[in-house]
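Dumped run_14.txt below, it's compact mmCIF, C-alpha atoms:
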# COMPACT_ATOMS: atom_id res chain seq x y z
CA VAL A 1 0.00 0.00 0.00
CA ALA A 2 1.38 3.41 -0.90
CA VAL A 3 0.18 6.97 -0.68
CA GLN A 4 0.51 9.18 -3.73
CA ASN A 5 2.54 12.28 -3.04
CA SER A 6 3.26 15.21 -5.24
CA ARG A 7 6.95 14.32 -5.40
CA HIS A 8 7.18 10.55 -4.97
CA ILE A 9 5.41 7.50 -3.63
CA VAL A 10 5.93 6.91 0.12
CA PRO A 11 5.30 3.40 1.54
CA ALA A 12 2.60 3.34 4.17
CA ASP A 13 4.79 1.66 6.82
CA ARG A 14 7.26 4.54 6.55
CA LEU A 15 4.71 7.34 6.32
CA PHE A 16 4.72 8.09 10.04
CA GLU A 17 8.41 7.19 10.68
CA PRO A 18 10.22 10.10 12.33
CA ARG A 19 12.95 11.50 10.17
CA ARG A 20 16.23 12.24 11.84
CA SER A 21 19.35 13.60 10.30
CA GLU A 22 22.50 11.52 10.27
CA GLU A 23 24.34 14.10 12.36
CA ARG A 24 21.73 13.88 15.12
CA ILE A 25 21.94 10.08 15.12
CA ASP A 26 25.72 10.24 15.43
CA LEU A 27 25.47 12.66 18.34
CA GLU A 28 23.01 10.41 20.12
CA ARG A 29 25.25 7.39 19.67
CA LEU A 30 28.24 9.32 21.00
CA ALA A 31 26.26 10.41 24.05
CA VAL A 32 25.17 6.82 24.75
CA ASP A 33 28.76 5.55 24.42
CA ARG A 34 30.02 8.18 26.86
CA LEU A 35 27.29 7.30 29.33
CA LEU A 36 28.16 3.61 29.13
CA ASP A 37 31.85 4.37 29.66
CA ARG A 38 31.07 6.40 32.76
CA CYS A 39 28.88 3.62 34.15
CA VAL A 40 31.63 1.05 33.59
CA MET A 41 34.29 3.23 35.21
CA HIS A 42 32.02 3.93 38.19
CA HIS A 43 31.29 0.22 38.59
CA ARG A 44 34.99 -0.64 38.50
CA ASN A 45 35.82 1.93 41.17
CA GLU A 46 33.20 0.43 43.49
CA LEU A 47 34.51 -3.14 43.13
CA PRO A 48 36.41 -4.56 46.15
CA GLY A 49 40.07 -4.57 45.27
CA ALA A 50 39.80 -1.85 42.62
CA GLN A 51 43.08 -0.12 41.92
CA ALA A 52 43.63 3.25 43.46
CA PRO A 53 45.08 6.04 41.32
CA GLY A 54 48.76 5.35 40.76
CA GLU A 55 48.60 1.73 41.99
CA GLY A 56 49.06 0.30 38.50
CA ARG A 57 52.14 2.49 38.04
CA VAL A 58 53.61 1.19 41.32
CA ARG A 59 53.03 -2.40 40.26
CA LEU A 60 54.65 -1.69 36.91
CA THR A 61 57.65 -0.22 38.68
CA TRP A 62 58.00 -3.25 40.93
CA SER A 63 57.72 -5.67 38.00
CA THR A 64 60.33 -3.74 36.04
CA GLY A 65 62.69 -3.75 39.01
CA ALA A 66 62.22 -7.50 39.52
CA LEU A 67 62.94 -8.12 35.85
CA VAL A 68 66.11 -6.03 35.96
CA ALA A 69 67.27 -7.85 39.10
CA PHE A 70 66.62 -11.21 37.48
CA LEU A 71 68.61 -10.24 34.39
CA VAL A 72 71.51 -9.08 36.56
CA VAL A 73 71.55 -12.41 38.42
CA VAL A 74 71.44 -14.33 35.14
CA ALA A 75 74.31 -12.27 33.71
CA VAL A 76 76.53 -12.68 36.79
CA ALA A 77 75.74 -16.38 37.32
CA PRO A 78 78.44 -17.86 35.02
CA VAL A 79 81.13 -15.90 36.88
CA VAL A 80 80.25 -16.78 40.49
CA ALA A 81 78.07 -19.91 40.22
CA PRO A 82 79.53 -23.44 40.37
CA GLN A 83 79.76 -25.54 37.23
CA PHE A 84 76.67 -27.58 38.11
CA TRP A 85 74.44 -24.49 38.16
CA VAL A 86 75.94 -23.22 34.91
CA THR A 87 75.23 -26.55 33.21
CA LEU A 88 71.72 -26.55 34.63
CA GLY A 89 71.17 -23.03 33.28
CA ASN A 90 72.35 -24.14 29.85
CA TYR A 91 69.82 -26.97 29.81
CA ILE A 92 67.07 -24.60 30.96
CA GLY A 93 67.90 -22.23 28.11
CA LEU A 94 68.02 -24.98 25.50
CA TYR A 95 64.72 -26.52 26.55
CA SER A 96 63.15 -23.05 26.70
CA ILE A 97 63.99 -22.66 23.02
CA VAL A 98 62.38 -26.06 22.36
CA ALA A 99 59.28 -24.95 24.29
CA LEU A 100 59.04 -21.75 22.23
CA GLY A 101 59.22 -23.86 19.08
CA LEU A 102 56.36 -26.01 20.33
CA VAL A 103 54.32 -22.89 21.12
CA LEU A 104 54.83 -21.61 17.57
CA LEU A 105 53.98 -25.00 16.10
CA THR A 106 50.98 -26.01 18.19
CA GLY A 107 49.67 -22.69 19.48
CA VAL A 108 50.26 -20.30 16.57
CA ALA A 109 50.28 -22.65 13.57
CA GLY A 110 47.76 -25.06 15.09
CA GLN A 111 49.71 -28.17 14.01
CA THR A 112 50.60 -31.28 15.98
CA SER A 113 54.02 -32.83 15.44
CA PHE A 114 56.22 -35.27 17.34
CA GLY A 115 59.13 -35.35 14.92
CA GLN A 116 61.03 -32.14 15.68
CA ALA A 117 64.06 -34.06 16.94
CA ALA A 118 64.58 -35.57 13.50
CA PHE A 119 64.92 -32.12 11.93
CA VAL A 120 67.29 -31.07 14.69
CA GLY A 121 69.40 -34.12 13.85
CA ILE A 122 69.47 -33.28 10.14
CA GLY A 123 70.77 -29.79 10.83
CA ALA A 124 73.26 -30.97 13.44
CA TYR A 125 74.71 -33.75 11.29
CA THR A 126 74.99 -31.46 8.26
CA THR A 127 76.82 -28.81 10.26
CA ALA A 128 79.12 -31.35 11.91
CA ILE A 129 80.09 -33.11 8.66
CA LEU A 130 80.82 -29.90 6.77
CA SER A 131 82.84 -28.47 9.67
CA ALA A 132 84.80 -31.56 10.71
CA GLN A 133 85.37 -33.37 7.42
CA TYR A 134 85.43 -30.53 4.87
CA ALA A 135 86.91 -27.73 7.03
CA ILE A 136 84.09 -25.33 6.23
CA SER A 137 83.39 -22.48 8.61
CA PRO A 138 80.99 -23.58 11.34
CA TRP A 139 78.83 -20.51 10.75
CA LEU A 140 78.55 -21.25 7.03
CA SER A 141 77.90 -24.94 7.65
CA LEU A 142 75.23 -23.93 10.16
CA CYS A 143 73.43 -21.94 7.45
CA VAL A 144 73.72 -24.89 5.06
CA GLY A 145 72.29 -27.19 7.73
CA LEU A 146 69.33 -24.86 8.25
CA ALA A 147 68.68 -24.69 4.50
CA LEU A 148 68.83 -28.49 4.13
CA THR A 149 66.53 -28.95 7.11
CA LEU A 150 64.07 -26.47 5.62
CA ALA A 151 64.08 -28.28 2.27
CA LEU A 152 63.53 -31.66 3.92
CA ALA A 153 60.76 -30.25 6.12
CA LEU A 154 58.98 -28.85 3.07
CA CYS A 155 59.17 -32.21 1.28
CA LEU A 156 57.91 -34.17 4.27
CA GLY A 157 55.29 -31.55 5.06
CA PHE A 158 53.96 -31.69 1.50
CA ILE A 159 53.21 -35.37 2.08
CA THR A 160 52.27 -35.35 5.76
CA LEU A 161 49.99 -32.30 5.87
CA ARG A 162 47.56 -34.01 3.49
CA MET A 163 46.52 -36.21 6.41
CA LYS A 164 43.76 -35.27 8.81
CA GLY A 165 42.77 -36.15 12.34
CA HIS A 166 44.94 -38.52 14.34
CA TYR A 167 46.78 -39.65 11.21
CA LEU A 168 48.81 -36.44 11.16
CA PRO A 169 50.54 -36.86 14.57
CA LEU A 170 51.02 -40.57 13.87
CA ALA A 171 52.77 -39.71 10.61
CA THR A 172 55.09 -37.26 12.39
CA ILE A 173 55.99 -39.99 14.91
CA ALA A 174 56.77 -42.33 12.02
CA TRP A 175 59.02 -39.76 10.32
CA GLY A 176 60.85 -39.05 13.56
CA LEU A 177 61.49 -42.71 14.36
CA SER A 178 62.52 -43.58 10.81
CA LEU A 179 65.06 -40.75 10.58
CA TYR A 180 66.35 -41.55 14.07
CA TYR A 181 67.16 -45.16 13.20
CA LEU A 182 68.40 -44.21 9.73
CA LEU A 183 70.93 -41.69 11.03
CA GLY A 184 71.92 -43.99 13.88
CA ASN A 185 72.89 -46.86 11.58
CA ILE A 186 75.05 -45.00 9.04
CA ASP A 187 78.77 -45.67 9.51
CA ALA A 188 79.79 -42.32 8.02
CA LEU A 189 77.82 -40.57 10.75
CA GLY A 190 79.36 -42.58 13.57
CA LYS A 191 76.16 -44.54 14.14
CA PHE A 192 74.73 -43.94 17.61
CA ASP A 193 78.10 -42.70 18.95
CA GLY A 194 77.98 -39.58 16.78
CA LEU A 195 80.81 -37.54 15.30
CA LEU A 196 83.98 -36.36 17.02
CA ASP A 197 86.46 -33.50 16.61
CA ILE A 198 83.84 -30.94 15.61
CA PRO A 199 85.30 -27.39 15.66
CA ALA A 200 83.69 -25.02 18.10
CA LEU A 201 81.88 -21.84 17.13
CA ARG A 202 83.49 -18.48 17.75
CA VAL A 203 81.53 -15.38 18.75
CA PHE A 204 83.57 -12.15 18.83
CA GLY A 205 86.74 -14.16 19.46
CA LEU A 206 85.15 -16.27 22.23
CA GLU A 207 85.33 -19.97 21.47
CA LEU A 208 82.21 -21.83 22.58
CA LYS A 209 83.72 -25.05 23.87
CA SER A 210 82.82 -25.08 27.58
CA GLY A 211 79.71 -24.80 29.66
CA ARG A 212 80.45 -21.27 30.81
CA SER A 213 81.18 -20.03 27.31
CA TYR A 214 77.92 -21.58 26.10
CA TYR A 215 76.08 -19.85 28.91
Structure re-expressed in structure tokens:
Amino acid sequence: VAVQNSRHIVPADRLFEPRRSEERIDLERLAVDRLLDRCVMHHRNELPGAQAPGEGRVRLTWSTGALVAFLVVVAVAPVVAPQFWVTLGNYIGLYSIVALGLVLLTGVAGQTSFGQAAFVGIGAYTTAILSAQYAISPWLSLCVGLALTLALALCLGFITLRMKGHYLPLATIAWGLSLYYLLGNIDALGKFDGLLDIPALRVFGLELKSGRSYY
């Protein structure tokens, strides 16, 4: 149903609809948002345990001071701590890196894998062989090991990521076990005893060949 107007045809259900300008609507929305913000802030201030003005800044200062103190202790530890604590700190740092890798893999990428150790072995063996047997710089051989590991991971991932459900983690377990026993039974790689006489890395003239230098 429509009503004939001199200018145009107006639908009957919109004939008595109040007309408001867009500017007025925007002002009303802004006023409502401000009112809601005030209500929320007032409610937060009345909650038991609400922060007083400046309390958050004090907590931030304390947390920053605790972090600085922790970093100072970590930096001084290899000088004053016994060898056992230095070795323990090295293991904590190494496994922290592994944990960060798992966070990126499972938490960020959303993938499930149990074969990371196999890729670590590929990079380690590549670096060790190029450094010990071919006298290539450890830093250059490290880059080559990373590139080879990346290429192998892409090839295996192209096959494995086609699987869904529980087949995906089972496939990663299979890859990890197969590469573990393959690398452990090759004579050129020293079997399960590994390789010897691998040159140490140097960082700004410091040779990384002891627990304290690694730390």
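With CA of Glu207 (chain A) on one side and CA of Gly184 (chain A) on the other, the separation reads 28.5 Å.
Take CA of Leu170 (chain A) and CA of Ala117 (chain A): the distance between them is 14.9 Å.
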Open item on the list: So that I can see what lies close to His166 (chain A), please list as a PyMOL selection string the residues with an atom at most 12 Å from it, counting all atoms listed in the file and leaving out residues fewer than 5 positions away in the same chain.
Closed with: chain A and resi 111-113+160-161+171-173
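We find CA of Ala174 (chain A) and CA of Ala109 (chain A) to be spaced 20.8 Å apart.
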Open item on the list: Measuring between only C-alpha atoms, which one of A:Trp139, A:Phe158, A:Tyr134, A:Tyr125 shows the shortest distance to Gly190 (chain A)?
Closed with: A:Tyr125
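Nearest-residue note for Ser131 (chain A): choosing from A:Gly211, A:Pro199, A:Pro169, A:Gly194, the minimum distance belongs to A:Pro199, counting all atoms listed in the file.
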TODO: Rank nothing, just name the residue among A:Leu196, A:Ala31, A:Ala118, A:Ile159 nearest to Leu177 (chain A), using all atoms listed in the file.
DONE: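 Of A:Leu196, A:Ala31, A:Ala118, A:Ile159, the one nearest Leu177 (chain A), counting all atoms listed in the file, is A:Ala118.
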TODO: Return the single residue from A:Gly157, A:Gly110, A:Gly65, A:Gly121 that is closest to Gly145 (chain A), with distances computed using all atoms listed in the file.
DONE: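 Nearest candidate to Gly145 (chain A) out of A:Gly157, A:Gly110, A:Gly65, A:Gly121: A:Gly121.
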TODO: Write out as a VMD selection string which residues come within 12 Å of region 70-84 of chain A when counting all atoms listed in the file, dropping same-chain ones fewer than 5 positions away.
DONE: chain A and resid 63 to 65 89 to 93 210 to 215
Coordinates of box centre and edge lengths for region 89-101 of chain A, 4 Å on every side, axis-aligned, as JSON:
{"center_x": 65.7, "center_y": -24.4, "center_z": 26.2, "size_x": 21.3, "size_y": 13.2, "size_z": 22.2}
TODO: Rank nothing, just name the residue among A:Ile186, A:Ile136, A:Leu105, A:Leu179 nearest to Leu156 (chain A), using all atoms listed in the file.
DONE: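 Once distances to Leu156 (chain A) are computed over all atoms listed in the file, the minimum belongs to A:Leu179.
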Task: Option closest in space to Val120 (chain A), from A:Trp62, A:Tyr180, A:Phe204, A:Tyr167 [counting all atoms listed in the file] - done: A:Tyr180
Open item on the list: I'd like the contact shell of Ser141 (chain A) - 9 Å cut-off, only C-alpha atoms, skipping same-chain residues fewer than 5 positions apart - returned as number ranges by chain.
Closed with: A: 126-131, 136, 146
